[in-house]
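**Q** Attaching a single structure in structure tokens format; questions to follow.
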Amino acid sequence: MRARVAILGIFVADLAFEAPRLPQLGETLLGQGFRMGPGGKGSNQAVAAAKAGANAALITRLGADAFGEIALGIWGEAGVDTAHVVRDSARPTGAAFIFVSTRDGNNAIIVEAGAAGDLTAADLDAAREAITKAAVFVTQLEQPIDAARRGLALAREAGVATVLNPAPAAELDDALLTLCDYVTPNESEAAALTGLPVGSVEEARVAADRLLARGARAAVLTLGERGALYHDGRISDLVPAFAVGPVRDTTGAGDAFTGAFATALGEGRAPLEAVRFACAAGSLSVTRPGAAAAMPTRAEIDALLAEN
Ligand code: RIB
């Protein structure tokens, strides 16, 4: 049986420019590559979960335009359940400017949520059945926080495991963190949420403790090429990343991780085992260009885990 995962989040068209560095204000820089492709953290995570083997249902809003058609195409290919996608003819689908460094594959992003910026708590109430029947509910912070809060509350009430990927970084109250079984920030998001430095693994552990003190039941800090730290107050382990090949583009690596993590949890794996599964997905995704387009299949993840 495939794990049921419900995901609230946004889709945007990613406009990705490759260059050796970001331009300064007032400067024009010649690019070294351009791609347009499917992005948005919620959509990326739904695609990652579906490709990793979950029955993934996405809750979102989409404009009635060409970018919206790209979304429907990628969801159709990946097998994402779109029963809770609302088409909105009043607002366009969003877009993201993505800078990808030709030096090391790292990225910098500006995202505009577009139609998905109108998601409200009522959209979550309308999708209540998909949430309460899921094994895991996942959200991020690209749509309004009230919508995220409602989804997390509905899931918690129904005993569904909750995962918050707190990206982009935002100020969160403790009541919201208390609704989270797992929070999955990267280093900069963990630093922003806790006000603590997150350079070393030891610092990451202190920040994770702080997230627990603020209400989260477990923290999973993604630490780039070092892997991910799982910390729940009882277990605190660093799961290393997998050396798969040269890093091409890190865009969406956190989404590959979170989507795969939710899938493995939904299958009943122990959290540390789910983190290992998620690290494999994240490590594979950075070897390919794009966000949703770079998500690995279940067969690829299983093969990498079997080799290691
Ligand atoms: O996490 C990567 C994603 O963040 C990109 O696809 C971009 O759309 C932004 O939402």
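Naming works like this for the structure tokens: A, B, ... for the chains as they're shown, residue 1 at the start of each chain, ligands 1 onward in shown order.
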Write out as a ChimeraX atom specification the residues lying within 6 Å of region 243-249 of chain A, counting only C-alpha atoms and excluding same-chain residues fewer than 3 positions away.
**A** /A:105,286-289
**Q** Could you write those residues out with C-alpha atoms, as a PDB file, in the first residue's frame?
**A**
ATOM      1  CA  GLY A 105      25.480  24.980  -7.957  1.00  0.00           C
ATOM      2  CA  VAL A 286      21.445  18.055  -6.591  1.00  0.00           C
ATOM      3  CA  THR A 287      23.183  16.207  -9.421  1.00  0.00           C
ATOM      4  CA  ARG A 288      20.495  17.393 -11.886  1.00  0.00           C
ATOM      5  CA  PRO A 289      19.281  20.815 -13.004  1.00  0.00           C
TER       6      PRO A 289
END
**Q** Step by step, measure atom-to-atom distances between ligand 1 and each residue using only C-alpha atoms and all ligand atoms, keep those at most 7 Å, then write them as a ChimeraX atom specification.
**A** /A:12-14,38-41,44,95-96,109,111,251-255,291-292
**Q** Write the selection just made, keeping N, CA and C atoms, as an mmCIF file, in the first residue's frame?
**A**
data_model
loop_
_atom_site.group_PDB
_atom_site.id
_atom_site.type_symbol
_atom_site.label_atom_id
_atom_site.label_comp_id
_atom_site.auth_asym_id
_atom_site.auth_seq_id
_atom_site.Cartn_x
_atom_site.Cartn_y
_atom_site.Cartn_z
ATOM 1 N N VAL A 12 4.960 27.440 -8.557
ATOM 2 C CA VAL A 12 5.331 28.605 -9.372
ATOM 3 C C VAL A 12 6.180 28.111 -10.536
ATOM 4 N N ALA A 13 6.268 28.938 -11.571
ATOM 5 C CA ALA A 13 7.208 28.642 -12.655
ATOM 6 C C ALA A 13 8.569 29.184 -12.235
ATOM 7 N N ASP A 14 9.569 28.329 -12.241
ATOM 8 C CA ASP A 14 10.935 28.750 -11.898
ATOM 9 C C ASP A 14 11.635 29.270 -13.147
ATOM 10 N N PRO A 38 9.121 23.676 -13.579
ATOM 11 C CA PRO A 38 8.199 23.670 -12.442
ATOM 12 C C PRO A 38 8.910 23.832 -11.109
ATOM 13 N N GLY A 39 8.360 24.723 -10.265
ATOM 14 C CA GLY A 39 8.933 24.946 -8.935
ATOM 15 C C GLY A 39 7.836 25.251 -7.928
ATOM 16 N N GLY A 40 8.217 25.894 -6.837
ATOM 17 C CA GLY A 40 7.299 26.106 -5.714
ATOM 18 C C GLY A 40 7.510 24.956 -4.738
ATOM 19 N N LYS A 41 7.775 25.296 -3.479
ATOM 20 C CA LYS A 41 8.191 24.241 -2.536
ATOM 21 C C LYS A 41 7.117 23.166 -2.344
ATOM 22 N N ASN A 44 6.967 21.051 -5.456
ATOM 23 C CA ASN A 44 8.186 20.224 -5.539
ATOM 24 C C ASN A 44 8.108 19.050 -4.559
ATOM 25 N N ALA A 95 5.601 32.994 -9.912
ATOM 26 C CA ALA A 95 6.873 32.708 -10.584
ATOM 27 C C ALA A 95 8.008 32.955 -9.604
ATOM 28 N N ALA A 96 9.154 32.365 -9.908
ATOM 29 C CA ALA A 96 10.333 32.578 -9.058
ATOM 30 C C ALA A 96 11.531 32.922 -9.929
ATOM 31 N N ILE A 109 17.016 32.855 -4.398
ATOM 32 C CA ILE A 109 15.658 32.821 -4.974
ATOM 33 C C ILE A 109 14.821 34.018 -4.513
ATOM 34 N N VAL A 111 10.682 34.562 -4.735
ATOM 35 C CA VAL A 111 9.470 33.849 -5.165
ATOM 36 C C VAL A 111 8.237 34.724 -4.933
ATOM 37 N N THR A 251 18.887 23.737 -6.184
ATOM 38 C CA THR A 251 17.493 24.188 -6.076
ATOM 39 C C THR A 251 16.567 22.990 -5.833
ATOM 40 N N GLY A 252 15.762 23.058 -4.804
ATOM 41 C CA GLY A 252 14.780 21.991 -4.555
ATOM 42 C C GLY A 252 15.342 20.815 -3.776
ATOM 43 N N ALA A 253 16.608 20.879 -3.340
ATOM 44 C CA ALA A 253 17.178 19.742 -2.588
ATOM 45 C C ALA A 253 16.415 19.544 -1.276
ATOM 46 N N GLY A 254 16.074 20.652 -0.614
ATOM 47 C CA GLY A 254 15.303 20.565 0.633
ATOM 48 C C GLY A 254 13.909 19.990 0.379
ATOM 49 N N ASP A 255 13.376 20.257 -0.795
ATOM 50 C CA ASP A 255 12.045 19.730 -1.143
ATOM 51 C C ASP A 255 12.123 18.226 -1.432
ATOM 52 N N ALA A 291 14.181 22.013 -10.255
ATOM 53 C CA ALA A 291 13.628 21.686 -8.931
ATOM 54 C C ALA A 291 12.773 20.419 -9.049
ATOM 55 N N ALA A 292 11.488 20.560 -9.405
ATOM 56 C CA ALA A 292 10.627 19.362 -9.516
ATOM 57 C C ALA A 292 11.201 18.399 -10.537
#
**Q** Would you kindly return, as a ChimeraX atom specification, each protein, DNA or RNA residue with an atom no farther than 10 Å from any atom of Leu29 (chain A), considering only C-alpha atoms and excluding same-chain residues fewer than 6 positions away?
**A** /A:19-23
**Q** Got time to write the residues from that selection, N, CA, C and O atoms, as a short mmCIF file (atom, residue, chain, number, x, y, z; two decimals), in the first residue's frame?
**A**
data_model
loop_
_atom_site.label_atom_id
_atom_site.label_comp_id
_atom_site.auth_asym_id
_atom_site.auth_seq_id
_atom_site.Cartn_x
_atom_site.Cartn_y
_atom_site.Cartn_z
N ALA A 19 24.82 31.82 -13.71
CA ALA A 19 25.85 32.86 -13.84
C ALA A 19 26.89 32.62 -12.76
O ALA A 19 26.62 31.94 -11.77
N PRO A 20 28.10 33.16 -12.93
CA PRO A 20 29.12 32.94 -11.91
C PRO A 20 28.83 33.66 -10.60
O PRO A 20 29.33 33.28 -9.55
N ARG A 21 28.05 34.75 -10.67
CA ARG A 21 27.72 35.49 -9.45
C ARG A 21 26.45 36.28 -9.69
O ARG A 21 26.01 36.44 -10.84
N LEU A 22 25.87 36.80 -8.62
CA LEU A 22 24.69 37.67 -8.73
C LEU A 22 25.14 39.05 -9.22
O LEU A 22 26.21 39.52 -8.81
N PRO A 23 24.35 39.73 -10.05
CA PRO A 23 24.73 41.10 -10.42
C PRO A 23 24.54 42.04 -9.23
O PRO A 23 23.77 41.75 -8.32
#
**Q** Just the residues within 10 Å of Ile131 (chain A), please, counting only C-alpha atoms, with nothing from its chain fewer than 3 positions along; format it as a list in words.
**A** Arg4, Val5, Ala6, Ile7, Leu8, Ala57, Leu58, Ile59, Leu124, Asp125, Ala126, Ala127, Arg128, Ala134, Ala135, Val136, Phe137, Val138, Gly151, Leu152, Leu154, Ala155, Arg156, Ala158 and Val160 of chain A
**Q** Residues of region 201-233 of chain A classed as strand (DSSP E) by DSSP on the backbone are to be reported as a ChimeraX atom specification.
**A** /A:218-222,228-231
**Q** Interatomic distance between CA of Asp173 (chain A) and CA of Arg214 (chain A)?
**A** 8.4 Å
**Q** Do a neighbour search on Pro296 (chain A) at 7 Å with only C-alpha atoms, toss out local chain neighbours closer than 5 positions, and write the hits as a list in words.
**A**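 Answer for this query is Lys51, Ala281, Leu284, Ser285 and Ile301 of chain A.
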**Q** Quick one: pull the distance between CA of Ala16 (chain A) and CA of Asn165 (chain A), Å, one decimal.
**A**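 Rounded to one decimal, the two atoms are 22.2 Å apart.
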**Q** Which neighbours of Leu193 (chain A) fall inside 8 Å, counting only C-alpha atoms, when residues of the same chain fewer than 5 positions from it are skipped, and could you give them as a list in words?
**A**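 So, after excluding close chain neighbours, the residues are Ala169, Ala170, Glu171, Leu172 and Leu211 of chain A.
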**Q** Can you write just those residues out, C-alpha atoms, as a compact mmCIF listing (two decimals), in the first residue's frame?
**A**
# COMPACT_ATOMS: atom_id res chain seq x y z
CA ALA A 169 12.29 31.67 7.05
CA ALA A 170 9.60 33.59 8.92
CA GLU A 171 8.78 34.51 12.49
CA LEU A 172 6.70 31.70 13.98
CA LEU A 211 13.08 24.25 18.46
